[in-house]
Amino acid sequence: MPQANTLYAAYAGHIAAALDALEAAGTLPAGLNRAAVTVEPPRDPAHGDLSTNAAMVLAKGAALNPRQLAEAICTELGKAPGVTSADIAGPGFINLRLAGSAWLAELRTIATSGRDYGRSTSGAGRTVNVEYVSANPTGPMHMGHCRGAVVGDALASLLEFAGHKVIREYYVNDAGAQVDVLARSVHLRYREALGEAVGEIPEGLYPGDYLVPIGQQLAAEFGDRFAAAAEGEWLALFRTRAVGAMLEMIRADLALLGIKHDLFSSEAELQAAGKPEAAEQWLRAHDLVYDGVLEAPKGKTLDDWEPVALPLFRSTRFGDDQDRPIRKSDGNWTYFGADLAYHFQKAETADALVDIWGADHAGTVKRIKAAVAAMTGAEGTPKPFEVKLVQMVQLLKGGQPFKMSKRSGNFVTLADVVEMVGKDVVRFTMLTRKPDAQMDFDFDKVVEASKDNPVFYVQYAHARVRSTLRKAAAEGLAPSADRLDLLGAEELDLIKLTAQFPRLIEAAAAAREPHRIAFFLGELAAAFHSYWNLGNDRPEKRFIVSQDANLSGARLYLAEQIGQLVRNGLALLGVEAVEEM
RNA sequence: GCGCCCGUAGCUCAGUUGGAUAGAGCACGAGCCUUCUAAGCUUGGGGCCGCAGGUUCGAAUCCUGCCGGGCGCGCCA
């Protein structure tokens with residue numbers, strides 16, 4: 001439920017009351033499932049202010065025809081406060097018209113709720129673990145990580161706003177072969193710092209010079225102690241130091257985007273604590289892990305394929321195409337084997353899990369969903385678990401593919417991009433497309449200061465509100481709710497749009513789709529700019545009408561609330577609301 | 001060969017989880033600046049919602065099969 005005092009929530013309540021009354025009167029049978037009953041704005045505003053499908057979705061269960069039922073509901077709804085008319089349309093839609101005062105009351109609600117307008121309790125305090133970024137700790141963040149980072153962070157904020165407790169988590173893959181490679185790469189930089197000529201970085205090691213300072217630091221701390229030593233003497237130490245330094249770098253990169261996780265979970269610690277063994281034991285006891293031999297992969301010719309018996313998880317029982325190994329033939333855990341234990345660990349402290357992954361990991365979604373279903377659903381219903389895939393981002397400059405290969409290896413770093421275009425542009429742009437569609441990120445377009453650029457357009461709306469309020473204050477005019485009755489049809493249309501915000505929050509949170517907020521803000525900004533421009537030709541439609549303090553006060557009040565709403569939306573997206581542009 | 005995602009106006013994309021006559025921006029045509037910031041606004045044309053079936057009161061939305069594009073498919077991570 002949204003805050004009970006918002007308009008849509010109130011009328012959802014009135015509709016429920018009308019249905020209760022019909023139940024009491026025997027028109028409707030008791031106990032019908034009303035989950036499908038909605039309250040929405042009608043597609044065409046000419047149809048009214050609010051629309052409900054109640055008659056259509058309940059008709060079958062009531063053994064009535066929809067229009068008959070609609071008539072009965074209309075009679076009841078006509079008695080609800082603020083309703084000036086209730087009509088039936090089409091196959092059985094019920095359209096309500098509301099008195100202007102009902103909308104003006106919503107404007108006051110925005111003012112009194114302030115930054116909490118739109119906040120919902122629909123999450124009912126349930127804990128949701130959102131795991132996002134989880135980039136390997138082997139270098140700085142690059143643009144491949146960016147979209148998932150922004151989407152995950154905005155989703156976490158959105159879920160919080162919708163009444164969930166949220167854990168923002170980062171899974172640190174510090175146990176695989178890639179961190180050994182990292183340690184060796186750092187060792188080379190360490191020898192370099194000691195004065196050795198290392199030349200070109202060999203194939204197979206990380207070439208980026210972000211490792212140079214770590215080598216220097218280790219040289220300063222340990223001298224040449226490990227320069228010629230066997231790998232066994234330094235590998236673990238260098239790995240720990242290198243991973244620590246990488247995580248520091250990654251945290252700094254994330255901070256550039258305004259992202260801060262609550263929890264960094266280490267795969268190495270998970271393994272040290274014996275969690276994968278415990279999971280394996282449990283799975284074997286439930287006949288979900290067995291020793292078996294995999295078939296060679298199809299559609300590829302492999303010369304080095306040898307069938308080997310491995311402990312396999314029965315993911316085919318849960319819809320996967322193949323059972324999946326949890327250990328390698330050397331006895332070490334596969335990524336999946338550890339990941340499975342990791343998800344079980346997360347499920348212990350959360351009511352629901354959401355993972356944000358890059359599309360290149362799409363192939364592993366089924367197995368991890370299978371694992372979570374198996375382990376959390378042993379007794380009763382499995383924990384809700386979703387994997388949201390964010391698709392690839394193609395970097396462009398002036399329509400041409402953009403490459404950058406300077407100091408950090410051959411990828412475009414996130415820090416470089418934030419430096420070039422700014423945090424707000426990066427964040428907003430990443431959220432102006434649904435995440436499961438590929439997108440282009442064109443440097444030239446995203447920094448453009450025009451209405452084609454939604455970041456600019458939305459921020460400009462806020463800046464306009466603020467500058468208008470400043471200008472008004474200089475003239476001695478202030479926002480006031482005393483004479484809101486002076487507001488006309490155009491102003492009411494704006495209020496009707498703002499009133500959508502609480503519904504939008506709930507729908508976006510339920511769908512785990514923060515991009516909807518960005519689109520709503522674009523729509524709100526367009527409506528506001530459009531209204532503003534009425535004043536170009538007709539000075540009497542301006543916010544500031546110097547000779548009329550009452551009218552100005554009411555309009556400034558409206559402007560102030562629109563500004564508030566833009567701030568609320570931008571806050572969820574992690575984008576600044578600027579005072580002037 | 002298999003899996004996942006996408007396919008909506010010339011282009012870039014939305015589409016309120018199955019609702020009413022499918023929307024917005026760009027581009028194109030016609031208008032609007034001695035301005036509460038024209039960094040903008042008004043207005044017009046433009047659609048086989050990839051194709052073909054199915055489900056029902058009702059489908060861009062759900063199901064099946066094709067077609068096209070992207071990503072991926074090992075004991076890697």
# chains A, B, ... in the order shown; residues from 1 in each chain; ligands from 1
$ closest_atom_pairs --of "chain B" --to "chain A" --cutoff "7 Å" --atoms "only C-alpha atoms (C1' of nucleotides)" --output "JSON lines"
{"residue": "B:G1", "atom": "C1'", "partner": "A:Gly299", "partner_atom": "CA", "distance": 5.4}
{"residue": "B:G3", "atom": "C1'", "partner": "A:Gly363", "partner_atom": "CA", "distance": 6.6}
{"residue": "B:C4", "atom": "C1'", "partner": "A:Ala362", "partner_atom": "CA", "distance": 5.7}
{"residue": "B:C5", "atom": "C1'", "partner": "A:Asp436", "partner_atom": "CA", "distance": 6.3}
{"residue": "B:C6", "atom": "C1'", "partner": "A:Ala437", "partner_atom": "CA", "distance": 6.0}
{"residue": "B:A20", "atom": "C1'", "partner": "A:Gly90", "partner_atom": "CA", "distance": 6.4}
{"residue": "B:G25", "atom": "C1'", "partner": "A:Asp452", "partner_atom": "CA", "distance": 6.4}
{"residue": "B:U35", "atom": "C1'", "partner": "A:Asn536", "partner_atom": "CA", "distance": 6.5}
{"residue": "B:C36", "atom": "C1'", "partner": "A:Ile544", "partner_atom": "CA", "distance": 5.6}
{"residue": "B:A39", "atom": "C1'", "partner": "A:Ser450", "partner_atom": "CA", "distance": 5.5}
{"residue": "B:C41", "atom": "C1'", "partner": "A:Asn533", "partner_atom": "CA", "distance": 5.6}
{"residue": "B:C71", "atom": "C1'", "partner": "A:Asp360", "partner_atom": "CA", "distance": 5.8}
{"residue": "B:G72", "atom": "C1'", "partner": "A:Gly363", "partner_atom": "CA", "distance": 5.7}
{"residue": "B:C73", "atom": "C1'", "partner": "A:Gly363", "partner_atom": "CA", "distance": 6.5}
{"residue": "B:G74", "atom": "C1'", "partner": "A:Pro297", "partner_atom": "CA", "distance": 6.5}
{"residue": "B:C75", "atom": "C1'", "partner": "A:Lys328", "partner_atom": "CA", "distance": 4.4}
{"residue": "B:A77", "atom": "C1'", "partner": "A:Tyr335", "partner_atom": "CA", "distance": 6.8}
$ residues_around --residues "G46 of chain B" --least-positions-apart "3" --cutoff "12 Å" --atoms "only C-alpha atoms (C1' of nucleotides)" --output "PyMOL selection string"
chain B and resi 9-10+27-29
$ closest_residue --among "A:Asp442, A:Ala227, A:Met141, A:Ala175" --to "U12 of chain B" --atoms "only C-alpha atoms (C1' of nucleotides)"
A:Asp442
$ atom_distance --atom1 "atom CA of Leu247 of chain A" --atom2 "atom CA of Gly215 of chain A"
15.8 Å
$ select_by_dssp --residues "segment 305-415 of chain A" --states "helix (DSSP H, G or I)" --output "number ranges by chain"
A: 315-318, 335-349, 359-376, 414-415
$ residues_around --residues "Glu196 of chain A" --least-positions-apart "4" --cutoff "12 Å" --atoms "only C-alpha atoms (C1' of nucleotides)" --output "number ranges by chain"
A: 187-192, 215, 219, 224, 227-228
$ residues_around --residues "G50 of chain B" --least-positions-apart "3" --cutoff "8 Å" --atoms "only C-alpha atoms (C1' of nucleotides)" --output "list in words"
G7, C67 and G68 of chain B
$ write_last_selection --atoms "C-alpha atoms (C1' of nucleotides)" --output "short mmCIF file (atom, residue, chain, number, x, y, z; two decimals), in the first residue's frame"
data_model
loop_
_atom_site.label_atom_id
_atom_site.label_comp_id
_atom_site.auth_asym_id
_atom_site.auth_seq_id
_atom_site.Cartn_x
_atom_site.Cartn_y
_atom_site.Cartn_z
"C1'" G B 7 12.22 -6.75 -32.76
"C1'" C B 67 12.16 -14.99 -39.54
"C1'" G B 68 15.85 -11.25 -38.23
#
$ atom_distance --atom1 "atom CA of Tyr210 of chain A" --atom2 "atom CA of Ser266 of chain A"
22.2 Å
$ closest_residue --among "A:Leu256, A:Val293, A:Ala374, A:Ala10" --to "Leu414 of chain A" --atoms "only C-alpha atoms"
A:Leu256
$ select_by_dssp --residues "segment 79-136 of chain A" --states "strand (DSSP E)" --output "list in words"
Val83, Thr84, Ser85, Ala86, Asp87, Ile88, Ala89, Phe93, Ile94, Asn95, Leu96, Arg97, Leu98, Thr127, Val128, Asn129, Val130 and Glu131 of chain A
$ write_last_selection --atoms "all heavy atoms" --output "CSV table (one decimal), in the first residue's frame"
chain,number,residue,atom,x,y,z
A,83,VAL,N,-16.4,12.3,-5.5
A,83,VAL,CA,-16.8,11.8,-6.8
A,83,VAL,C,-18.0,12.6,-7.3
A,83,VAL,O,-19.0,12.7,-6.7
A,83,VAL,CB,-17.2,10.3,-6.7
A,83,VAL,CG1,-17.8,9.8,-8.0
A,83,VAL,CG2,-16.0,9.4,-6.3
A,84,THR,N,-17.8,13.2,-8.5
A,84,THR,CA,-18.9,14.0,-9.1
A,84,THR,C,-19.6,13.2,-10.1
A,84,THR,O,-20.8,13.6,-10.4
A,84,THR,CB,-18.3,15.3,-9.7
A,84,THR,OG1,-17.3,14.9,-10.7
A,84,THR,CG2,-17.6,16.2,-8.7
A,85,SER,N,-19.0,12.2,-10.7
A,85,SER,CA,-19.8,11.3,-11.6
A,85,SER,C,-19.1,9.9,-11.7
A,85,SER,O,-17.9,9.8,-11.5
A,85,SER,CB,-19.9,11.9,-13.0
A,85,SER,OG,-18.7,11.8,-13.7
A,86,ALA,N,-20.0,8.9,-11.9
A,86,ALA,CA,-19.4,7.6,-12.1
A,86,ALA,C,-20.2,7.0,-13.3
A,86,ALA,O,-21.4,6.8,-13.3
A,86,ALA,CB,-19.7,6.7,-10.9
A,87,ASP,N,-19.5,6.7,-14.4
A,87,ASP,CA,-20.1,6.3,-15.7
A,87,ASP,C,-19.5,4.9,-16.1
A,87,ASP,O,-18.4,4.6,-15.8
A,87,ASP,CB,-19.9,7.2,-16.8
A,87,ASP,CG,-20.2,8.6,-16.4
A,87,ASP,OD1,-21.3,8.9,-16.0
A,87,ASP,OD2,-19.3,9.5,-16.6
A,88,ILE,N,-20.3,4.2,-16.9
A,88,ILE,CA,-19.8,3.0,-17.5
A,88,ILE,C,-19.5,3.2,-18.9
A,88,ILE,O,-20.1,4.0,-19.6
A,88,ILE,CB,-20.9,1.9,-17.4
A,88,ILE,CG1,-21.5,1.8,-16.0
A,88,ILE,CG2,-20.4,0.6,-17.9
A,88,ILE,CD1,-22.7,1.0,-15.9
A,89,ALA,N,-18.4,2.6,-19.3
A,89,ALA,CA,-17.9,2.8,-20.7
A,89,ALA,C,-17.4,1.5,-21.3
A,89,ALA,O,-17.0,0.6,-20.5
A,89,ALA,CB,-16.8,3.8,-20.8
A,93,PHE,N,-15.8,-0.7,-18.2
A,93,PHE,CA,-15.0,0.2,-17.4
A,93,PHE,C,-15.9,1.1,-16.6
A,93,PHE,O,-16.9,1.5,-17.1
A,93,PHE,CB,-14.1,1.1,-18.3
A,93,PHE,CG,-13.0,0.4,-19.0
A,93,PHE,CD1,-13.1,0.0,-20.3
A,93,PHE,CD2,-11.8,0.1,-18.3
A,93,PHE,CE1,-12.0,-0.7,-20.9
A,93,PHE,CE2,-10.8,-0.6,-18.9
A,93,PHE,CZ,-10.9,-1.0,-20.2
A,94,ILE,N,-15.4,1.5,-15.4
A,94,ILE,CA,-16.1,2.5,-14.6
A,94,ILE,C,-15.2,3.7,-14.5
A,94,ILE,O,-14.1,3.6,-14.1
A,94,ILE,CB,-16.4,2.0,-13.2
A,94,ILE,CG1,-17.4,0.7,-13.3
A,94,ILE,CG2,-17.1,3.1,-12.4
A,94,ILE,CD1,-17.5,0.0,-12.0
A,95,ASN,N,-15.7,4.8,-15.0
A,95,ASN,CA,-14.9,6.0,-15.0
A,95,ASN,C,-15.5,7.0,-14.0
A,95,ASN,O,-16.7,7.3,-14.0
A,95,ASN,CB,-15.0,6.7,-16.4
A,95,ASN,CG,-14.3,5.8,-17.5
A,95,ASN,OD1,-13.2,5.2,-17.2
A,95,ASN,ND2,-14.8,5.8,-18.7
A,96,LEU,N,-14.6,7.5,-13.2
A,96,LEU,CA,-15.0,8.5,-12.1
A,96,LEU,C,-14.5,9.8,-12.5
A,96,LEU,O,-13.4,10.0,-13.0
A,96,LEU,CB,-14.4,8.0,-10.8
A,96,LEU,CG,-14.7,6.7,-10.3
A,96,LEU,CD1,-14.1,6.4,-8.9
A,96,LEU,CD2,-16.2,6.4,-10.2
A,97,ARG,N,-15.3,10.8,-12.2
A,97,ARG,CA,-14.8,12.2,-12.2
A,97,ARG,C,-14.7,12.7,-10.8
A,97,ARG,O,-15.6,12.4,-10.0
A,97,ARG,CB,-15.7,13.1,-13.0
A,97,ARG,CG,-15.3,13.2,-14.4
A,97,ARG,CD,-16.4,14.0,-15.2
A,97,ARG,NE,-16.6,13.2,-16.5
A,97,ARG,CZ,-15.8,13.2,-17.5
A,97,ARG,NH1,-14.6,13.9,-17.5
A,97,ARG,NH2,-16.0,12.5,-18.6
A,98,LEU,N,-13.6,13.4,-10.5
A,98,LEU,CA,-13.4,13.9,-9.2
A,98,LEU,C,-13.6,15.4,-9.1
A,98,LEU,O,-13.2,16.1,-10.1
A,98,LEU,CB,-12.0,13.6,-8.7
A,98,LEU,CG,-11.7,12.1,-8.6
A,98,LEU,CD1,-10.3,11.9,-8.0
A,98,LEU,CD2,-12.7,11.3,-7.9
A,127,THR,N,13.0,-7.9,3.9
A,127,THR,CA,14.4,-7.6,3.5
A,127,THR,C,14.7,-8.2,2.1
A,127,THR,O,14.5,-9.3,1.8
A,127,THR,CB,15.4,-8.3,4.5
A,127,THR,OG1,15.0,-7.8,5.8
A,127,THR,CG2,16.8,-8.0,4.2
A,128,VAL,N,15.3,-7.3,1.3
A,128,VAL,CA,15.7,-7.7,0.0
A,128,VAL,C,17.2,-7.5,-0.2
A,128,VAL,O,17.7,-6.4,0.1
A,128,VAL,CB,15.0,-6.9,-1.1
A,128,VAL,CG1,15.4,-7.4,-2.5
A,128,VAL,CG2,13.5,-7.0,-1.0
A,129,ASN,N,17.9,-8.6,-0.6
A,129,ASN,CA,19.3,-8.4,-0.8
A,129,ASN,C,19.5,-8.2,-2.3
A,129,ASN,O,19.1,-8.9,-3.1
A,129,ASN,CB,20.0,-9.8,-0.4
A,129,ASN,CG,21.5,-9.7,-0.6
A,129,ASN,OD1,21.9,-9.4,-1.7
A,129,ASN,ND2,22.2,-9.9,0.4
A,130,VAL,N,20.1,-7.0,-2.6
A,130,VAL,CA,20.4,-6.7,-4.0
A,130,VAL,C,21.9,-6.8,-4.2
A,130,VAL,O,22.6,-6.0,-3.6
A,130,VAL,CB,19.9,-5.3,-4.3
A,130,VAL,CG1,20.1,-5.0,-5.8
A,130,VAL,CG2,18.4,-5.1,-4.0
A,131,GLU,N,22.3,-7.7,-5.0
A,131,GLU,CA,23.7,-7.9,-5.3
A,131,GLU,C,24.0,-7.3,-6.6
A,131,GLU,O,23.4,-7.7,-7.6
A,131,GLU,CB,24.1,-9.4,-5.3
A,131,GLU,CG,25.6,-9.6,-5.5
A,131,GLU,CD,25.9,-10.9,-6.2
A,131,GLU,OE1,25.3,-11.9,-5.9
A,131,GLU,OE2,26.9,-10.8,-7.0
$ residues_around --residues "A30 of chain B" --least-positions-apart "4" --cutoff "12 Å" --atoms "only C-alpha atoms (C1' of nucleotides)" --output "list in words"
U42, U43, G44 and G45 of chain B
$ write_last_selection --atoms "all heavy atoms" --output "PDB file, in the first residue's frame"
ATOM      1  P     U B  42       3.933  21.983 -26.288  1.00  0.00           P
ATOM      2  OP1   U B  42       2.975  21.349 -25.356  1.00  0.00           O
ATOM      3  OP2   U B  42       4.935  21.163 -26.988  1.00  0.00           O
ATOM      4  O5'   U B  42       3.127  22.796 -27.389  1.00  0.00           O
ATOM      5  C5'   U B  42       2.105  23.708 -26.993  1.00  0.00           C
ATOM      6  C4'   U B  42       1.541  24.378 -28.210  1.00  0.00           C
ATOM      7  O4'   U B  42       2.566  25.164 -28.856  1.00  0.00           O
ATOM      8  C3'   U B  42       1.059  23.443 -29.305  1.00  0.00           C
ATOM      9  O3'   U B  42      -0.229  22.922 -29.040  1.00  0.00           O
ATOM     10  C2'   U B  42       1.083  24.350 -30.526  1.00  0.00           C
ATOM     11  O2'   U B  42      -0.026  25.220 -30.533  1.00  0.00           O
ATOM     12  C1'   U B  42       2.341  25.172 -30.259  1.00  0.00           C
ATOM     13  N1    U B  42       3.526  24.611 -30.943  1.00  0.00           N
ATOM     14  C2    U B  42       3.650  24.831 -32.297  1.00  0.00           C
ATOM     15  O2    U B  42       2.816  25.463 -32.935  1.00  0.00           O
ATOM     16  N3    U B  42       4.767  24.309 -32.888  1.00  0.00           N
ATOM     17  C4    U B  42       5.763  23.588 -32.262  1.00  0.00           C
ATOM     18  O4    U B  42       6.721  23.180 -32.926  1.00  0.00           O
ATOM     19  C5    U B  42       5.575  23.392 -30.855  1.00  0.00           C
ATOM     20  C6    U B  42       4.483  23.888 -30.259  1.00  0.00           C
ATOM     21  P     U B  43      -0.576  21.431 -29.475  1.00  0.00           P
ATOM     22  OP1   U B  43      -1.953  21.177 -29.005  1.00  0.00           O
ATOM     23  OP2   U B  43       0.522  20.527 -29.074  1.00  0.00           O
ATOM     24  O5'   U B  43      -0.586  21.521 -31.061  1.00  0.00           O
ATOM     25  C5'   U B  43      -1.563  22.316 -31.724  1.00  0.00           C
ATOM     26  C4'   U B  43      -1.251  22.401 -33.190  1.00  0.00           C
ATOM     27  O4'   U B  43       0.036  23.053 -33.381  1.00  0.00           O
ATOM     28  C3'   U B  43      -1.062  21.060 -33.894  1.00  0.00           C
ATOM     29  O3'   U B  43      -2.299  20.448 -34.234  1.00  0.00           O
ATOM     30  C2'   U B  43      -0.257  21.461 -35.114  1.00  0.00           C
ATOM     31  O2'   U B  43      -1.074  22.083 -36.091  1.00  0.00           O
ATOM     32  C1'   U B  43       0.681  22.517 -34.514  1.00  0.00           C
ATOM     33  N1    U B  43       1.962  21.920 -34.111  1.00  0.00           N
ATOM     34  C2    U B  43       2.910  21.743 -35.100  1.00  0.00           C
ATOM     35  O2    U B  43       2.730  22.058 -36.261  1.00  0.00           O
ATOM     36  N3    U B  43       4.087  21.180 -34.678  1.00  0.00           N
ATOM     37  C4    U B  43       4.400  20.770 -33.391  1.00  0.00           C
ATOM     38  O4    U B  43       5.503  20.276 -33.168  1.00  0.00           O
ATOM     39  C5    U B  43       3.355  20.989 -32.428  1.00  0.00           C
ATOM     40  C6    U B  43       2.202  21.546 -32.812  1.00  0.00           C
ATOM     41  P     G B  44      -2.381  18.878 -34.464  1.00  0.00           P
ATOM     42  OP1   G B  44      -3.808  18.497 -34.464  1.00  0.00           O
ATOM     43  OP2   G B  44      -1.431  18.240 -33.521  1.00  0.00           O
ATOM     44  O5'   G B  44      -1.810  18.686 -35.939  1.00  0.00           O
ATOM     45  C5'   G B  44      -2.522  19.208 -37.044  1.00  0.00           C
ATOM     46  C4'   G B  44      -1.764  18.960 -38.313  1.00  0.00           C
ATOM     47  O4'   G B  44      -0.481  19.641 -38.254  1.00  0.00           O
ATOM     48  C3'   G B  44      -1.392  17.508 -38.580  1.00  0.00           C
ATOM     49  O3'   G B  44      -2.463  16.773 -39.139  1.00  0.00           O
ATOM     50  C2'   G B  44      -0.216  17.653 -39.543  1.00  0.00           C
ATOM     51  O2'   G B  44      -0.667  17.950 -40.849  1.00  0.00           O
ATOM     52  C1'   G B  44       0.484  18.896 -38.974  1.00  0.00           C
ATOM     53  N9    G B  44       1.580  18.537 -38.058  1.00  0.00           N
ATOM     54  C8    G B  44       1.561  18.540 -36.686  1.00  0.00           C
ATOM     55  N7    G B  44       2.705  18.185 -36.163  1.00  0.00           N
ATOM     56  C5    G B  44       3.530  17.929 -37.258  1.00  0.00           C
ATOM     57  C6    G B  44       4.881  17.521 -37.322  1.00  0.00           C
ATOM     58  O6    G B  44       5.653  17.276 -36.392  1.00  0.00           O
ATOM     59  N1    G B  44       5.315  17.380 -38.632  1.00  0.00           N
ATOM     60  C2    G B  44       4.542  17.618 -39.744  1.00  0.00           C
ATOM     61  N2    G B  44       5.139  17.429 -40.918  1.00  0.00           N
ATOM     62  N3    G B  44       3.289  18.016 -39.700  1.00  0.00           N
ATOM     63  C4    G B  44       2.845  18.146 -38.435  1.00  0.00           C
ATOM     64  P     G B  45      -2.662  15.226 -38.816  1.00  0.00           P
ATOM     65  OP1   G B  45      -4.044  14.869 -39.183  1.00  0.00           O
ATOM     66  OP2   G B  45      -2.182  14.998 -37.439  1.00  0.00           O
ATOM     67  O5'   G B  45      -1.667  14.512 -39.828  1.00  0.00           O
ATOM     68  C5'   G B  45      -1.912  14.561 -41.229  1.00  0.00           C
ATOM     69  C4'   G B  45      -0.654  14.259 -41.997  1.00  0.00           C
ATOM     70  O4'   G B  45       0.417  15.130 -41.528  1.00  0.00           O
ATOM     71  C3'   G B  45      -0.087  12.860 -41.798  1.00  0.00           C
ATOM     72  O3'   G B  45      -0.738  11.895 -42.607  1.00  0.00           O
ATOM     73  C2'   G B  45       1.376  13.047 -42.181  1.00  0.00           C
ATOM     74  O2'   G B  45       1.536  13.082 -43.591  1.00  0.00           O
ATOM     75  C1'   G B  45       1.655  14.448 -41.612  1.00  0.00           C
ATOM     76  N9    G B  45       2.252  14.380 -40.278  1.00  0.00           N
ATOM     77  C8    G B  45       1.644  14.576 -39.062  1.00  0.00           C
ATOM     78  N7    G B  45       2.455  14.448 -38.047  1.00  0.00           N
ATOM     79  C5    G B  45       3.680  14.146 -38.636  1.00  0.00           C
ATOM     80  C6    G B  45       4.946  13.894 -38.045  1.00  0.00           C
ATOM     81  O6    G B  45       5.258  13.881 -36.850  1.00  0.00           O
ATOM     82  N1    G B  45       5.921  13.621 -38.998  1.00  0.00           N
ATOM     83  C2    G B  45       5.698  13.606 -40.352  1.00  0.00           C
ATOM     84  N2    G B  45       6.738  13.325 -41.124  1.00  0.00           N
ATOM     85  N3    G B  45       4.522  13.839 -40.924  1.00  0.00           N
ATOM     86  C4    G B  45       3.573  14.097 -40.001  1.00  0.00           C
TER      87        G B  45
END
$ atom_distance --atom1 "atom CA of Leu312 of chain A" --atom2 "atom CA of Ser134 of chain A"
25.3 Å
$ residues_around --residues "Tyr132 of chain A" --least-positions-apart "6" --cutoff "6 Å" --atoms "only C-alpha atoms (C1' of nucleotides)" --output "list of chain:residue names"
A:Gly152, A:Tyr170, A:Ile356
